[in-house]
Every structure is written in C-alpha cells, then in structure tokens.
There are 2 protein chains.
Amino acid sequence: MKVSTVEIVKAAGILKLLGDKTRLTMVKILDANDCCVCEFVEIFKMSQPAISQHIRKLKDAGVVREARRGQWIIYSLKKESDYYPLVQNLLNHLPNQDFKLKELEEQGLRISCE
Amino acid sequence: MKVSTVEIVKAAGILKLLGDKTRLTMVKILDANDCCVCEFVEIFKMSQPAISQHIRKLKDAGVVREARRGQWIIYSLKKESDYYPLVQNLLNHLPNQDFKLKELEEQGLRISCE
DNA sequence: TGCTTATATAAGCAGATTATTATATATTAA
DNA sequence: TTAATATATAATAATCTGCTTATATAAGCA
C-alpha cells in the first residue's frame, strides 16, 4: 500500500491529540458533517469552554478549520492538511457517529444544516 | 474501504497510547523486527525503567506480546489483537525506522537476531 | 444603543503522565 | 552458591491535561 508519510514526532502529536474520546468523536462527526460549537456542547453535554478548548487544539494542529457564519462559527475537517490522509485512514476504523447529529435534529437543535 | 471497526473509546485509548514518540517509534520498529528491552534502551538513550514502563503500557493494552528467551525478554507486535488492523494501518503512514536497528548491529549491540 | 446569543480566553486546580532513583526478581555463568 | 546481566516494580517529583469559573469579544436584534 502506498500512503503519505508523516514524520514520527508529528504523527505522535496527532495521535495524542486524537487520543481523547471527545476530540476523536468530534473529528469523526466532522468527517461526515460540519458543526458548530453549540452543537458539540449539546452532543457531549460538556461546558462551552471545555468544548472550545478541545476544538482549539484541533485547530492549532491544523486538523480542523473554522468559518464564521453569522453568529456561529462552523468547524470542518481541513482536508488539505498533511495529516488528513492519516486521520482519514484512522477514522475508517471508527463506527459511524451520525446518530448523534440525528438526535440533535430531532430535538430541533441542529444549526449547521438548516 | 471495508475495515475492522473499533469502539470509539477504545480507539481513543490506543491512539493516546501511541501518541507518544517513544512508544510510537517502538511499535514501528517492532512492526519490522522483534526487540528486547536492552535494545530499546540503546536506541532511545533512556533509562531501563523508563523503557520498561513504556513497554508495559503497550503490553497491558494488548498491542505487544512478550516471550522470554533465556536472559532476554523479546517483544513483538501482537498480530491477533483486535487493534492490530488499526495499528497496522497507522504504521503505514510512518517512515521506516530500520536504520535504528542497523546502527545497533554496526555497534555489535543487536540481540534478538543473532 | 443596549440586550442576547455564540464563542474564545485566562486563571486555577485536581488528576494523569513520564521521567528518575532505588530496589526486587529471574536467568546465566563462574 | 555467588556474581553479573536483563528486566520489572515502587516511590516520588516535575510536568502536562482537562476540566471549572470568570470574563472578554463579536454578531444579531429590539
């Protein structure tokens, strides 16, 4: 298999970043749908600052990207990242998390796709 | 792509485990060659207890396996592990580390393959 | 303009992590 | 049996992490 290679220290950094169930789930969700912070707050039942801090780490590492849309800041996977092939490959081993956003929609709490 | 799936919390655990440059390098080396603790001590220029403790984490998670051979305990990747497909996939994104063992051989410090 | 909502940032603290030193155990060889 | 080598384990100290609370910033709306 021919795949893109990431320097070992950088790869360890990415794995450490994703080695947290909240961030890993976030990234898996973002792999299928863009999301804003308040949606993650609902999904994870965590405080807004806690979510913001997780997202910041993902952003600082270049794994996600932000885009303001009015009041909201929409996050998405940064597909041009050097790490994207590695991350993508990894996400393939995780069960789909779409049900989490489905639940939000049913509660009328979905923002990004309205 | 059809791949084996790992529960998200468990996957995060594995990624956290591998999110350390020493352990990640160890696993990449073990992907190509079995090794004993004293070789890792040489390779990483770290204390023996530090190496032992890293290896123990890998062993506790079921990522590596040990086999005593006389005085030495030889470690190898545990290919039957549920996590092996994920780990293997991940290792494909890392540059080869064979040169590290080559250096040991040149210094006459290689154990496992004598 | 001032209020509300969404998000970010900063400070602080508790628990986790990773190294160190000291010591124990197991195997081999003299 | 004793000494040497390889490894593991325990205690501990320093650093890192991930939350909390408090506060700042930015956009939308009355």
# chains A, B, ... in the order shown; residues from 1 in each chain; ligands from 1
call {"tool": "residues_around", "arguments": {"residues": "DA14 in chain D", "least_positions_apart": "3", "cutoff": "12 Å", "atoms": "only C-alpha atoms (C1' of nucleotides)", "output": "PyMOL selection string"}}
result
chain C and resi 17-20
call {"tool": "interface_residues", "arguments": {"of": "chain D", "to": "chain A", "cutoff": "8 Å", "atoms": "only C-alpha atoms (C1' of nucleotides)", "output": "list in words"}}
result
DG18, DC19, DA27 and DG28 of chain D
call {"tool": "closest_residue", "arguments": {"among": "A:Ile8, A:Cys38, A:Leu90, A:Leu109", "to": "Leu24 in chain B", "atoms": "only C-alpha atoms"}}
result
A:Ile8
call {"tool": "residues_around", "arguments": {"residues": "range 5-11 of chain D", "least_positions_apart": "5", "cutoff": "10 Å", "atoms": "only C-alpha atoms (C1' of nucleotides)", "output": "PyMOL selection string"}}
result
(chain B and resi 36-38+48-49+52-53+56+70-73) or (chain C and resi 21-28)
call {"tool": "atom_distance", "arguments": {"atom1": "CA of Arg23 in chain A", "atom2": "CA of Ile55 in chain A"}}
result
7.5 Å
call {"tool": "interface_residues", "arguments": {"of": "chain A", "to": "chain B", "cutoff": "12 Å", "atoms": "only C-alpha atoms", "output": "MDAnalysis selection string"}}
result
chainID A and resid 1:29 82:97
call {"tool": "select_by_dssp", "arguments": {"residues": "chain A", "states": "helix (DSSP H, G or I)", "output": "count of residues only"}}
result
61
call {"tool": "residues_around", "arguments": {"residues": "DT2 in chain D", "least_positions_apart": "2", "cutoff": "12 Å", "atoms": "only C-alpha atoms (C1' of nucleotides)", "output": "list of chain:residue names"}}
result
C:DA29, C:DA30, D:DA4
call {"tool": "interface_residues", "arguments": {"of": "chain C", "to": "chain A", "cutoff": "9 Å", "atoms": "only C-alpha atoms (C1' of nucleotides)", "output": "CSV table (one decimal) with all heavy atoms, in the first residue's frame"}}
result
chain,number,residue,atom,x,y,z
C,5,DT,P,-30.7,34.6,24.9
C,5,DT,OP1,-31.9,33.8,24.7
C,5,DT,OP2,-30.0,34.6,26.2
C,5,DT,O5',-29.6,34.2,23.8
C,5,DT,C5',-30.0,34.4,22.4
C,5,DT,C4',-28.8,34.1,21.6
C,5,DT,O4',-27.8,35.1,21.7
C,5,DT,C3',-28.1,32.8,22.0
C,5,DT,O3',-27.8,32.1,20.8
C,5,DT,C2',-26.8,33.2,22.6
C,5,DT,C1',-26.5,34.6,21.9
C,5,DT,N1,-25.7,35.6,22.7
C,5,DT,C2,-24.7,36.3,22.0
C,5,DT,O2,-24.5,36.1,20.8
C,5,DT,N3,-24.1,37.2,22.8
C,5,DT,C4,-24.2,37.4,24.1
C,5,DT,O4,-23.5,38.3,24.7
C,5,DT,C5,-25.3,36.7,24.8
C,5,DT,C7,-25.6,36.9,26.2
C,5,DT,C6,-26.0,35.8,24.0
C,6,DA,P,-27.2,30.6,20.8
C,6,DA,OP1,-27.8,29.8,19.7
C,6,DA,OP2,-27.1,30.1,22.2
C,6,DA,O5',-25.7,30.9,20.4
C,6,DA,C5',-25.4,31.4,19.0
C,6,DA,C4',-23.9,31.5,18.9
C,6,DA,O4',-23.4,32.6,19.7
C,6,DA,C3',-23.1,30.3,19.3
C,6,DA,O3',-22.2,29.9,18.3
C,6,DA,C2',-22.3,30.7,20.6
C,6,DA,C1',-22.3,32.3,20.4
C,6,DA,N9,-22.2,33.0,21.6
C,6,DA,C8,-23.0,32.9,22.7
C,6,DA,N7,-22.7,33.8,23.7
C,6,DA,C5,-21.6,34.5,23.2
C,6,DA,C6,-20.9,35.6,23.7
C,6,DA,N6,-21.0,36.1,24.9
C,6,DA,N1,-19.9,36.1,22.9
C,6,DA,C2,-19.7,35.5,21.7
C,6,DA,N3,-20.4,34.6,21.1
C,6,DA,C4,-21.3,34.1,21.9
C,7,DT,P,-21.3,28.6,18.4
C,7,DT,OP1,-21.0,28.2,17.0
C,7,DT,OP2,-21.8,27.7,19.4
C,7,DT,O5',-20.0,29.3,19.0
C,7,DT,C5',-19.3,30.3,18.2
C,7,DT,C4',-18.2,30.9,19.1
C,7,DT,O4',-18.8,31.5,20.2
C,7,DT,C3',-17.2,29.9,19.6
C,7,DT,O3',-16.0,30.0,18.8
C,7,DT,C2',-16.9,30.4,21.0
C,7,DT,C1',-17.7,31.7,21.1
C,7,DT,N1,-18.2,32.1,22.4
C,7,DT,C2,-17.7,33.1,23.1
C,7,DT,O2,-16.8,33.8,22.7
C,7,DT,N3,-18.2,33.4,24.3
C,7,DT,C4,-19.3,32.7,24.9
C,7,DT,O4,-19.7,33.0,26.1
C,7,DT,C5,-19.8,31.6,24.2
C,7,DT,C7,-20.9,30.7,24.7
C,7,DT,C6,-19.3,31.3,23.0
C,8,DA,P,-14.6,29.3,19.2
C,8,DA,OP1,-13.9,29.2,18.0
C,8,DA,OP2,-14.9,28.1,20.0
C,8,DA,O5',-13.9,30.4,20.2
C,8,DA,C5',-13.7,31.7,19.7
C,8,DA,C4',-12.8,32.5,20.7
C,8,DA,O4',-13.6,32.8,21.8
C,8,DA,C3',-11.6,31.7,21.1
C,8,DA,O3',-10.5,32.6,21.0
C,8,DA,C2',-11.9,31.4,22.6
C,8,DA,C1',-12.9,32.5,23.0
C,8,DA,N9,-13.9,32.1,24.0
C,8,DA,C8,-14.8,31.0,23.9
C,8,DA,N7,-15.6,30.9,24.9
C,8,DA,C5,-15.2,31.9,25.7
C,8,DA,C6,-15.7,32.4,27.0
C,8,DA,N6,-16.7,31.8,27.6
C,8,DA,N1,-15.1,33.4,27.6
C,8,DA,C2,-14.1,34.0,26.9
C,8,DA,N3,-13.6,33.7,25.7
C,8,DA,C4,-14.2,32.7,25.2
C,9,DT,P,-9.0,32.2,21.3
C,9,DT,OP1,-8.2,33.1,20.5
C,9,DT,OP2,-8.9,30.8,21.3
C,9,DT,O5',-8.9,32.7,22.9
C,9,DT,C5',-9.1,34.1,23.1
C,9,DT,C4',-8.9,34.3,24.6
C,9,DT,O4',-10.1,33.7,25.3
C,9,DT,C3',-7.7,33.6,25.2
C,9,DT,O3',-7.0,34.6,26.0
C,9,DT,C2',-8.3,32.5,26.2
C,9,DT,C1',-9.6,33.2,26.5
C,9,DT,N1,-10.7,32.2,27.0
C,9,DT,C2,-11.4,32.6,28.1
C,9,DT,O2,-11.1,33.5,28.8
C,9,DT,N3,-12.4,31.7,28.5
C,9,DT,C4,-12.8,30.6,27.8
C,9,DT,O4,-13.7,29.9,28.2
C,9,DT,C5,-12.0,30.3,26.6
C,9,DT,C7,-12.4,29.1,25.7
C,9,DT,C6,-11.0,31.1,26.2
call {"tool": "select_by_dssp", "arguments": {"residues": "chain A", "states": "strand (DSSP E or B)", "output": "JSON, numbers by chain"}}
result
{"A": [35, 36, 64, 65, 66, 67, 68, 69, 72, 73, 74, 75, 76, 77]}
call {"tool": "write_last_selection", "arguments": {"atoms": "C-alpha atoms", "output": "PDB file, in the first residue's frame"}}
result
ATOM      1  CA  CYS A  35     -20.632  21.503  13.082  1.00  0.00           C
ATOM      2  CA  CYS A  36     -20.567  24.490  15.354  1.00  0.00           C
ATOM      3  CA  VAL A  64      -9.917  21.364  11.575  1.00  0.00           C
ATOM      4  CA  ARG A  65     -10.739  24.729  10.077  1.00  0.00           C
ATOM      5  CA  GLU A  66     -13.234  27.362  11.115  1.00  0.00           C
ATOM      6  CA  ALA A  67     -15.564  29.550   9.116  1.00  0.00           C
ATOM      7  CA  ARG A  68     -17.788  32.156  10.621  1.00  0.00           C
ATOM      8  CA  ARG A  69     -21.407  32.127   9.543  1.00  0.00           C
ATOM      9  CA  TRP A  72     -21.932  30.828  14.573  1.00  0.00           C
ATOM     10  CA  ILE A  73     -18.511  29.509  13.816  1.00  0.00           C
ATOM     11  CA  ILE A  74     -18.729  26.383  11.734  1.00  0.00           C
ATOM     12  CA  TYR A  75     -15.939  23.848  12.027  1.00  0.00           C
ATOM     13  CA  SER A  76     -14.957  21.353   9.385  1.00  0.00           C
ATOM     14  CA  LEU A  77     -12.156  18.912   8.698  1.00  0.00           C
TER      15      LEU A  77
END
